[in-house]
>>> print(open('target07.cif').read())   # mmCIF, C-alpha atoms
data_work
loop_
_atom_site.label_atom_id
_atom_site.label_comp_id
_atom_site.auth_asym_id
_atom_site.auth_seq_id
_atom_site.Cartn_x
_atom_site.Cartn_y
_atom_site.Cartn_z
CA MET A 1 154.06 182.97 174.74
CA ILE A 2 155.06 179.81 172.96
CA THR A 3 154.99 176.81 175.19
CA ARG A 4 156.42 173.47 174.18
CA ARG A 5 152.90 171.96 174.10
CA LYS A 6 151.62 174.71 171.75
CA LEU A 7 154.62 174.35 169.48
CA ILE A 8 154.10 170.61 169.08
CA THR A 9 150.32 170.81 168.54
CA ASN A 10 150.66 173.65 166.03
CA THR A 11 153.38 171.81 164.16
CA LEU A 12 151.19 168.72 163.92
CA LYS A 13 148.19 170.80 162.77
CA GLY A 14 150.32 172.56 160.19
CA MET A 15 151.66 169.26 158.86
CA ALA A 16 148.15 167.83 158.62
CA ALA A 17 146.98 170.89 156.68
CA LEU A 18 149.97 170.75 154.32
CA SER A 19 149.42 167.08 153.60
CA LEU A 20 145.88 167.78 152.32
CA PRO A 21 146.14 167.89 148.52
CA ALA A 22 144.30 170.55 146.57
CA ALA A 23 142.27 167.75 145.00
CA ALA A 24 140.50 167.20 148.33
CA PHE A 25 138.58 170.43 147.77
CA GLU A 26 137.50 169.64 144.22
CA ILE A 27 133.81 168.91 143.72
CA LEU A 28 133.41 166.01 141.31
CA THR A 29 130.61 165.68 138.80
CA PRO A 30 129.55 162.12 137.90
CA GLU A 31 131.02 162.59 134.42
CA ARG A 32 134.38 163.66 135.82
CA LEU A 33 134.29 160.72 138.24
CA ASN A 34 133.64 158.32 135.39
CA ALA A 35 136.58 159.74 133.50
CA ILE A 36 138.84 159.15 136.49
CA ILE A 37 137.60 155.63 137.19
CA TYR A 38 137.87 154.58 133.57
CA ASN A 39 141.34 156.14 133.13
CA ASP A 40 140.23 158.63 130.54
CA THR A 41 143.14 158.77 128.13
CA ALA A 42 141.43 157.26 125.10
CA LYS A 43 138.35 159.09 123.95
CA VAL A 44 136.29 155.98 123.26
CA ARG A 45 134.92 153.16 125.37
CA TYR A 46 132.39 151.22 123.35
CA VAL A 47 129.32 150.05 125.25
CA PHE A 48 126.19 148.29 124.07
CA LEU A 49 122.61 148.64 125.19
CA VAL A 50 119.95 145.99 124.63
CA ASP A 51 116.31 146.88 125.23
CA THR A 52 114.66 143.50 125.73
CA ASN A 53 111.24 145.14 125.83
CA LYS A 54 111.58 146.02 122.16
CA CYS A 55 112.94 142.71 120.85
CA VAL A 56 110.38 140.60 118.97
CA GLY A 57 112.70 137.70 118.12
CA CYS A 58 112.86 138.25 114.35
CA GLY A 59 116.52 137.20 114.26
CA LEU A 60 117.45 139.68 111.52
CA CYS A 61 120.40 140.74 113.69
CA VAL A 62 121.77 137.19 113.70
CA LYS A 63 121.38 136.88 109.93
CA ALA A 64 123.13 140.22 109.33
CA CYS A 65 125.92 139.37 111.78
CA LYS A 66 126.67 136.04 110.11
CA ASN A 67 126.80 137.61 106.65
CA GLU A 68 128.80 140.64 107.73
CA ASN A 69 131.41 138.76 109.71
CA GLU A 70 131.75 135.76 107.39
CA ILE A 71 130.57 133.17 109.89
CA PRO A 72 129.54 130.07 107.86
CA TYR A 73 125.79 130.42 107.52
CA GLU A 74 124.84 126.77 107.95
CA ALA A 75 127.30 125.98 110.76
CA ASN A 76 125.72 126.00 114.20
CA VAL A 77 127.95 128.78 115.52
CA THR A 78 127.16 132.48 115.75
CA ARG A 79 128.63 135.63 117.24
CA THR A 80 125.25 136.88 118.42
CA TRP A 81 122.04 135.06 119.13
CA VAL A 82 118.56 135.64 120.52
CA GLU A 83 117.11 133.59 123.36
CA ARG A 84 113.42 133.03 123.95
CA TYR A 85 112.24 132.69 127.54
CA ILE A 86 108.83 131.32 128.38
CA ILE A 87 107.67 131.14 131.98
CA THR A 88 104.58 129.03 132.62
CA ARG A 89 102.52 128.57 135.76
CA ASP A 90 100.57 125.61 137.00
CA GLU A 91 96.81 125.35 136.58
CA ARG A 92 95.94 127.10 139.83
CA HIS A 93 98.32 129.97 139.02
CA GLU A 94 99.89 129.80 142.44
CA VAL A 95 103.57 129.08 142.01
CA LEU A 96 106.07 129.80 139.30
CA GLU A 97 106.26 126.49 137.58
CA LYS A 98 108.74 126.27 134.79
CA VAL A 99 111.19 128.36 132.82
CA PHE A 100 111.82 127.33 129.22
CA ALA A 101 114.57 128.84 127.14
CA ASP A 102 115.54 128.08 123.57
CA SER A 103 117.47 129.57 120.70
CA PRO A 104 117.20 127.27 117.67
CA LYS A 105 120.16 127.94 115.33
CA GLY A 106 120.85 131.01 117.47
CA ALA A 107 117.54 132.42 116.13
CA ARG A 108 119.17 132.89 112.73
CA ASP A 109 115.73 132.29 111.17
CA GLY A 110 113.80 133.95 113.96
CA PHE A 111 111.10 132.27 116.01
CA ILE A 112 108.50 131.06 113.54
CA THR A 113 106.80 128.51 115.74
CA GLY A 114 105.22 128.46 119.18
CA THR A 115 106.94 125.14 119.90
CA ILE A 116 109.92 125.26 122.23
CA ASP A 117 113.05 123.31 121.34
CA LEU A 118 114.01 121.44 124.54
CA GLY A 119 117.11 119.88 122.99
CA HIS A 120 117.85 116.20 122.32
CA GLY A 121 115.02 116.20 119.80
CA ASN A 122 112.37 116.99 122.42
CA THR A 123 109.87 119.78 121.97
CA TYR A 124 107.08 121.29 124.03
CA THR A 125 104.22 123.53 122.99
CA PRO A 126 102.82 125.48 125.94
CA ARG A 127 99.15 126.42 125.91
CA LYS A 128 98.57 130.15 125.56
CA GLU A 129 96.73 130.41 128.87
CA ASP A 130 99.62 128.77 130.75
CA ILE A 131 102.17 131.37 129.64
CA ASP A 132 102.79 133.94 132.33
CA LYS A 133 105.72 135.75 130.77
CA ALA A 134 107.45 135.28 127.46
CA PHE A 135 110.11 137.47 125.94
CA PHE A 136 113.26 137.56 123.84
CA VAL A 137 116.79 138.39 124.96
CA PRO A 138 119.54 139.14 122.42
CA LYS A 139 123.02 138.10 123.50
CA LEU A 140 126.48 139.06 122.25
CA CYS A 141 130.00 139.49 123.59
CA ASN A 142 129.98 141.69 126.70
CA GLN A 143 133.45 143.19 125.98
CA CYS A 144 134.06 142.93 129.74
CA ASP A 145 136.29 145.38 131.56
CA ASN A 146 137.81 142.38 133.37
CA PRO A 147 137.78 139.88 130.52
CA ALA A 148 138.29 136.34 131.79
CA CYS A 149 138.98 135.12 128.25
CA VAL A 150 141.98 137.44 127.93
CA GLN A 151 143.50 136.41 131.25
CA VAL A 152 143.52 132.73 130.33
CA CYS A 153 145.08 133.13 126.85
CA PRO A 154 148.57 131.59 127.09
CA VAL A 155 150.00 133.20 123.94
CA GLY A 156 148.64 136.76 123.87
CA ALA A 157 146.35 136.07 120.94
CA THR A 158 143.32 137.71 122.52
CA TYR A 159 143.53 141.13 124.04
CA GLN A 160 141.62 144.27 124.90
CA ALA A 161 142.11 147.24 122.60
CA ASP A 162 142.29 150.72 124.12
CA ASP A 163 138.64 151.34 123.24
CA GLY A 164 137.56 148.35 125.33
CA VAL A 165 136.82 145.89 122.53
CA VAL A 166 138.29 142.42 123.06
CA LEU A 167 139.83 141.16 119.81
CA ILE A 168 141.34 137.87 118.66
CA ASP A 169 144.53 137.67 116.59
CA ARG A 170 143.73 134.95 114.07
CA LYS A 171 147.37 134.55 113.07
CA TRP A 172 148.55 134.13 116.64
CA CYS A 173 145.77 131.97 118.15
CA ILE A 174 146.87 128.35 118.66
CA GLY A 175 143.32 127.05 119.17
CA CYS A 176 143.85 125.73 122.71
CA GLY A 177 140.28 126.62 123.69
CA TYR A 178 141.01 128.03 127.16
CA CYS A 179 139.13 131.21 126.30
CA VAL A 180 136.12 129.25 125.04
CA MET A 181 136.02 127.57 128.46
CA GLY A 182 136.86 130.74 130.38
CA CYS A 183 134.04 132.94 129.09
CA PRO A 184 131.14 132.79 131.58
CA TYR A 185 128.74 133.94 128.86
CA GLY A 186 129.56 131.27 126.28
CA VAL A 187 130.08 133.79 123.50
CA ARG A 188 133.27 132.18 122.16
CA PHE A 189 133.41 129.33 119.68
CA PHE A 190 135.76 127.79 117.14
CA HIS A 191 135.56 129.26 113.68
CA PRO A 192 134.91 126.27 111.40
CA GLN A 193 137.09 127.64 108.59
CA HIS A 194 139.90 129.49 110.33
CA HIS A 195 140.20 126.92 113.16
CA VAL A 196 140.78 129.63 115.76
CA ALA A 197 138.66 131.09 118.54
CA ASP A 198 136.06 133.58 117.38
CA LYS A 199 133.52 135.90 118.94
CA CYS A 200 131.66 139.18 118.53
CA ASN A 201 133.97 142.18 118.29
CA PHE A 202 131.25 144.87 118.01
CA CYS A 203 131.93 144.81 114.23
CA TYR A 204 135.31 146.45 114.84
CA HIS A 205 135.77 147.24 111.13
CA ARG A 206 132.46 149.14 111.12
CA ILE A 207 132.56 151.05 114.41
CA LYS A 208 136.11 152.24 113.65
CA LYS A 209 134.73 153.82 110.45
CA GLY A 210 132.00 155.54 112.44
CA MET A 211 129.33 153.09 111.32
CA LYS A 212 127.03 151.10 113.57
CA THR A 213 127.41 147.37 114.05
CA ALA A 214 125.62 145.13 111.55
CA CYS A 215 123.14 143.94 114.20
CA VAL A 216 122.26 147.49 115.29
CA GLU A 217 121.76 148.43 111.65
CA ALA A 218 119.59 145.37 110.99
CA CYS A 219 117.31 145.64 114.04
CA PRO A 220 114.02 147.21 112.90
CA PHE A 221 112.82 147.86 116.45
CA GLY A 222 115.77 149.69 117.99
CA ALA A 223 116.35 146.93 120.53
CA ARG A 224 120.11 147.16 120.02
CA LEU A 225 122.20 150.31 120.40
CA ILE A 226 125.93 150.97 120.50
CA GLY A 227 127.51 154.00 122.11
CA ASN A 228 130.62 155.56 123.61
CA TYR A 229 130.67 155.60 127.41
CA LYS A 230 133.37 158.28 127.53
CA ASP A 231 131.05 160.75 125.82
CA PRO A 232 128.62 162.04 128.46
CA ASP A 233 126.26 163.36 125.76
CA ASP A 234 126.00 160.01 123.99
CA ALA A 235 122.40 158.73 123.92
CA VAL A 236 123.43 155.28 125.16
CA THR A 237 125.59 156.70 127.96
CA ARG A 238 122.67 158.84 129.09
CA ILE A 239 120.39 155.81 129.33
CA ILE A 240 123.01 153.75 131.20
CA ASN A 241 123.60 156.59 133.65
CA THR A 242 119.98 157.52 134.26
CA LYS A 243 117.80 154.45 133.70
CA ARG A 244 117.62 151.15 135.55
CA VAL A 245 119.91 148.89 133.57
CA GLY A 246 121.26 145.45 134.37
CA VAL A 247 124.14 143.30 133.23
CA LEU A 248 124.46 139.54 132.86
CA LYS A 249 126.15 137.47 135.59
CA GLU A 250 127.37 140.42 137.61
CA GLU A 251 128.57 138.02 140.33
CA PHE A 252 131.42 136.84 138.12
CA GLY A 253 133.15 140.20 138.52
CA THR A 254 133.84 140.52 134.80
CA ARG A 255 132.28 144.00 134.59
CA PRO A 256 130.35 143.42 131.37
CA GLN A 257 129.83 146.44 129.11
CA VAL A 258 126.63 145.24 127.45
CA PHE A 259 123.75 146.70 129.42
CA TYR A 260 120.18 145.44 129.41
CA LEU A 261 116.89 147.25 129.88
CA GLY A 262 114.05 145.07 131.09
CA LEU A 263 116.20 142.17 132.26
CA SER A 264 114.30 139.46 134.13
CA MET A 265 115.60 137.16 136.87
CA GLU A 266 115.07 134.09 134.69
CA VAL A 267 117.68 135.28 132.18
CA ARG A 268 120.95 133.45 132.64
CA MET B 1 191.79 126.43 136.50
CA LYS B 2 189.81 123.26 136.09
CA SER B 3 186.41 122.93 137.69
CA HIS B 4 183.38 120.72 137.20
CA VAL B 5 181.21 123.87 137.20
CA TRP B 6 182.19 125.14 133.77
CA ARG B 7 180.72 122.50 131.48
CA PRO B 8 177.12 122.65 132.78
CA LEU B 9 177.41 126.42 132.96
CA TYR B 10 178.37 126.64 129.27
CA LEU B 11 175.47 124.33 128.48
CA ALA B 12 173.02 126.53 130.41
CA ALA B 13 174.35 129.70 128.78
CA GLY B 14 174.12 128.06 125.34
CA LEU B 15 170.51 127.02 125.91
CA LEU B 16 169.61 130.50 127.10
CA ALA B 17 171.23 132.05 124.02
CA LEU B 18 169.38 129.59 121.79
CA PHE B 19 166.08 130.50 123.47
CA LEU B 20 166.72 134.22 123.05
CA ILE B 21 167.65 133.82 119.38
CA ALA B 22 164.57 131.68 118.70
CA ARG B 23 162.35 134.22 120.45
CA TYR B 24 163.90 137.06 118.48
CA ILE B 25 163.19 135.31 115.18
CA TYR B 26 159.77 133.94 116.02
CA VAL B 27 158.00 136.74 117.93
CA PRO B 28 156.70 139.53 115.65
CA LYS B 29 158.46 142.86 116.01
CA ASP B 30 155.31 144.76 116.88
CA PHE B 31 154.40 142.69 119.93
CA GLY B 32 153.58 145.08 122.73
CA THR B 33 150.89 146.36 125.04
CA GLY B 34 148.14 148.93 124.88
CA GLU B 35 146.73 150.96 127.71
CA ARG B 36 145.49 147.97 129.64
CA GLY B 37 149.03 146.76 130.20
CA TYR B 38 150.42 143.23 130.16
CA ARG B 39 147.42 141.79 131.96
CA TYR B 40 144.81 142.59 129.33
CA SER B 41 146.49 143.94 126.21
CA PHE B 42 149.70 142.03 125.49
CA HIS B 43 149.35 141.47 121.75
CA ARG B 44 150.62 141.91 118.22
CA LEU B 45 149.75 145.58 117.70
CA GLY B 46 149.31 145.20 113.93
CA ASN B 47 146.33 142.93 114.49
CA GLU B 48 144.10 145.91 115.31
CA ASP B 49 144.64 147.26 111.79
CA GLU B 50 143.96 143.84 110.31
CA TRP B 51 140.52 143.88 111.93
CA LYS B 52 139.89 147.46 110.83
CA ALA B 53 140.60 146.40 107.23
CA PHE B 54 137.86 143.73 107.33
CA LYS B 55 135.35 144.14 104.49
CA VAL B 56 132.11 146.02 105.21
CA LYS B 57 129.16 144.26 103.56
CA TYR B 58 126.02 145.90 104.92
CA LYS B 59 126.01 149.48 103.61
CA GLY B 60 122.78 150.75 105.16
CA THR B 61 119.63 152.26 103.72
CA GLU B 62 121.40 155.54 102.86
CA TYR B 63 123.49 153.63 100.32
CA CYS B 64 120.34 152.55 98.42
CA LYS B 65 118.23 155.68 98.49
CA ASP B 66 119.81 157.70 95.65
CA CYS B 67 119.51 155.13 92.85
CA HIS B 68 116.35 153.46 94.14
CA SER B 69 114.61 156.62 95.32
CA ASP B 70 111.18 155.40 94.13
CA LYS B 71 111.36 152.27 96.27
CA TYR B 72 112.92 154.22 99.11
CA GLN B 73 110.11 156.80 99.12
CA GLN B 74 107.54 154.04 98.86
CA ILE B 75 108.71 152.07 101.89
CA MET B 76 109.45 155.18 103.94
CA ARG B 77 105.74 156.04 103.84
CA SER B 78 104.79 152.61 105.17
CA ARG B 79 105.00 150.90 108.52
CA HIS B 80 107.81 148.79 107.08
CA ALA B 81 110.04 151.89 107.02
CA ILE B 82 111.82 150.56 110.09
CA ILE B 83 113.12 147.57 108.12
CA SER B 84 116.37 148.33 106.33
CA CYS B 85 116.62 147.37 102.64
CA GLU B 86 119.38 144.85 103.19
CA ASN B 87 117.29 142.81 105.63
CA CYS B 88 115.26 141.49 102.70
CA HIS B 89 117.58 142.12 99.73
CA GLY B 90 120.81 140.89 101.29
CA PRO B 91 124.06 142.78 101.87
CA ALA B 92 124.90 145.36 99.18
CA ILE B 93 128.69 144.70 99.39
CA ASP B 94 129.88 146.55 96.22
CA HIS B 95 126.55 146.64 94.40
CA PRO B 96 126.05 147.48 91.50
CA GLU B 97 129.48 146.08 90.50
CA ASN B 98 129.50 143.09 92.83
CA PRO B 99 126.92 141.67 93.03
CA ALA B 100 125.20 143.13 89.96
CA LYS B 101 121.76 142.10 91.21
CA LEU B 102 120.55 141.74 94.76
CA ALA B 103 118.24 138.99 95.95
CA LYS B 104 114.64 139.26 97.09
CA GLU B 105 113.55 137.28 100.11
CA THR B 106 110.10 136.12 99.09
CA ASN B 107 109.71 132.94 101.12
CA ARG B 108 107.06 132.82 103.81
CA GLU B 109 109.58 132.10 106.54
CA HIS B 110 111.16 135.51 106.05
CA CYS B 111 107.87 137.36 106.72
CA LEU B 112 107.03 135.00 109.57
CA ARG B 113 110.10 136.20 111.48
CA CYS B 114 107.81 138.98 112.71
CA HIS B 115 104.36 137.93 111.52
CA PHE B 116 104.07 134.44 113.01
CA ARG B 117 101.46 135.00 115.69
CA LEU B 118 103.10 134.66 119.11
CA PRO B 119 100.75 136.24 121.68
CA TYR B 120 103.48 136.56 124.30
CA PRO B 121 102.75 138.71 127.31
CA THR B 122 105.63 141.11 128.19
CA SER B 123 106.95 141.03 124.61
CA GLY B 124 106.50 143.47 121.74
CA ARG B 125 105.87 140.49 119.48
CA SER B 126 102.23 140.29 120.60
CA ALA B 127 101.60 143.81 119.25
CA ILE B 128 102.49 142.78 115.67
CA ARG B 129 99.72 141.49 113.44
CA GLY B 130 100.46 137.83 112.89
CA ILE B 131 99.20 134.68 111.25
CA TYR B 132 99.34 130.95 111.77
CA PRO B 133 100.91 129.85 108.47
CA GLY B 134 99.14 126.50 108.52
CA GLU B 135 95.75 128.26 108.45
CA HIS B 136 96.51 131.37 106.37
CA ASN B 137 96.75 130.39 102.63
CA PRO B 138 99.30 127.61 103.24
CA GLY B 139 102.05 127.42 100.65
CA ALA B 140 101.31 130.69 98.86
CA PRO B 141 104.08 133.30 98.86
CA CYS B 142 103.10 136.33 100.97
CA SER B 143 104.03 138.73 98.17
CA ALA B 144 101.31 137.20 95.93
CA CYS B 145 98.79 139.25 97.91
CA HIS B 146 100.79 141.70 100.07
CA ASN B 147 103.28 144.24 98.77
CA PRO B 148 106.11 144.35 101.31
CA HIS B 149 106.90 147.96 100.33
CA LYS B 150 103.27 149.02 100.83
CA PRO B 151 101.87 146.68 103.48
CA GLN B 152 99.17 149.13 104.54
CA GLU B 153 97.51 149.29 101.11
CA GLY B 154 95.48 146.13 101.23
CA LEU B 155 95.64 143.20 98.89
CA ARG B 156 97.02 143.16 95.36
#
>>> encode(input="target07.cif", output="structure tokens")
Amino acid sequence: MITRRKLITNTLKGMAALSLPAAAFEILTPERLNAIIYNDTAKVRYVFLVDTNKCVGCGLCVKACKNENEIPYEANVTRTWVERYIITRDERHEVLEKVFADSPKGARDGFITGTIDLGHGNTYTPRKEDIDKAFFVPKLCNQCDNPACVQVCPVGATYQADDGVVLIDRKWCIGCGYCVMGCPYGVRFFHPQHHVADKCNFCYHRIKKGMKTACVEACPFGARLIGNYKDPDDAVTRIINTKRVGVLKEEFGTRPQVFYLGLSMEVR
Amino acid sequence: MKSHVWRPLYLAAGLLALFLIARYIYVPKDFGTGERGYRYSFHRLGNEDEWKAFKVKYKGTEYCKDCHSDKYQQIMRSRHAIISCENCHGPAIDHPENPAKLAKETNREHCLRCHFRLPYPTSGRSAIRGIYPGEHNPGAPCSACHNPHKPQEGLR
């Protein structure tokens, strides 16, 4: 017999069951989840992987980048650069003493001296036995998923293409410099000849032809790799999904798409 | 009907029309957005093709290997096989038309990029055989004694 109470409870149960979408029963693989999160309508999302363990600081990537992208060779601006970090301890080896970082000329000529450039004409040569850790970290534009530089552009001259690469329209840029200030990673600069903002664009003209970026091509040690994050079989995607990778300045919420293997806490 | 409202209203409408006409003339026709919407991809769509048309200068080792197969085979048998040709010879661009001849980096600084001795712990640099240029035949070009295509074969 149908009582009023039963009718109401069954109606409510039935409504709850009907409101459950079929998607609630779908089991998601990590690849499928990625596709949903990253709004998988384009087939490409370029990502970069830097293995700092492999970098030896030769600077051939910087040289190739400047030549390939027509960045004036002698001007002190560059789309990519390599930083050297040296961490020394005090004599008793008890506390972390000092972190030194330098990148003379963006490491265009590599690191061909043990002397650290402290800036303002000062230098320091650490003794070999004082060095606790020393390593090289290549840097380039992170092609962030939340690019701060794009948000601050007042004229729509910098934008994110559908494949994730942030580009600059040289004809439309007014040179206000907001983006140079807005980038937390300091990758933007003024092009000395075009007088507009400039930065790494993953060698857009090369990757769109299926080639690798000039820096990836130039690196003898395989410290730099470029890949497509929307392709689950891509070698770079595999490493990002399965190895312990880090990004720079995660706390800024920019969601950088350049991933680092062997990142150390001293790297800023 | 006479009212004080009309004159400023005409002025405002005129300014608005002027603004719209100026915008129509000045803003490129292909201004629009990509998938990221107005927040991240409001731009002149033709600019993407302008970047794609940028000139490729570094052609890669595959570009060299057919004409210079002897040199290619030589270096591929050595530990310098990991170094691409253009790292030392400069970008090929449209070689052999332009430039007709590529450079050779023979200065010491070029070799020292890897072979300056930096015994850094936690870096691959310490695993590379290196020199201190002030002590190792100062001033002499490296290629006077070492063949960069056959570094393993001792001195010339």
>>> atom_distance(input="target07.cif", atom1="atom CA of A:Asn10", atom2="atom CA of A:Ala22")
20.7 Å
>>> closest_atom_pairs(input="target07.cif", of="chain B", to="chain A", cutoff="7 Å", atoms="only C-alpha atoms", output="tab-separated table")
residue	atom	partner	partner_atom	distance
B:Gly34	CA	A:Asp162	CA	6.2
B:Glu35	CA	A:Asp162	CA	5.7
B:Arg36	CA	A:Asp162	CA	6.9
B:Arg39	CA	A:Gln151	CA	6.7
B:Tyr40	CA	A:Tyr159	CA	5.6
B:Ser41	CA	A:Tyr159	CA	4.6
B:Phe42	CA	A:Gly156	CA	5.6
B:His43	CA	A:Gly156	CA	5.2
B:Asn47	CA	A:Asp169	CA	5.9
B:Trp51	CA	A:His205	CA	5.9
B:Lys52	CA	A:His205	CA	4.1
B:Ala53	CA	A:His205	CA	6.3
B:Phe54	CA	A:His205	CA	5.6
B:Val56	CA	A:Arg206	CA	6.7
B:Lys57	CA	A:Glu68	CA	5.5
B:Tyr58	CA	A:Glu68	CA	6.6
B:Gly60	CA	A:Glu217	CA	7.0
B:Ile82	CA	A:Pro220	CA	4.9
B:Ile83	CA	A:Pro220	CA	4.9
B:Ser84	CA	A:Ala218	CA	6.4
B:Asn87	CA	A:Ala218	CA	6.4
B:Leu112	CA	A:Ile112	CA	5.8
B:Arg113	CA	A:Cys58	CA	4.5
B:Cys114	CA	A:Cys58	CA	5.4
B:Phe116	CA	A:Ile112	CA	5.6
B:Leu118	CA	A:Gly114	CA	6.6
B:Tyr120	CA	A:Ala134	CA	5.2
B:Pro121	CA	A:Lys133	CA	5.4
B:Thr122	CA	A:Lys133	CA	5.9
B:Ser123	CA	A:Phe135	CA	4.9
B:Gly124	CA	A:Val56	CA	5.6
B:Arg125	CA	A:Val56	CA	4.5
>>> atom_distance(input="target07.cif", atom1="atom CA of B:His80", atom2="atom CA of B:Asn147")
10.5 Å
>>> resolve_selection(input="target07.cif", expression="the PyMOL selection byres ((chain A and resi 200) around 8)", output="list in words")
Arg79, Thr80, Leu140, Cys141, Val187, Asp198, Lys199, Asn201, Phe202 and Cys203 of chain A
>>> residues_around(input="target07.cif", residues="B:Ala140", least_positions_apart="6", cutoff="12 Å", atoms="only C-alpha atoms", output="PyMOL selection string")
chain B and resi 106-109+133-134+146
>>> closest_residue(input="target07.cif", among="B:Lys2, B:Gly37, B:Cys85, B:Ile21", to="B:Lys71", atoms="all atoms listed in the file")
B:Cys85
>>> atom_distance(input="target07.cif", atom1="atom CA of A:Ile116", atom2="atom CA of A:Glu250")
27.8 Å
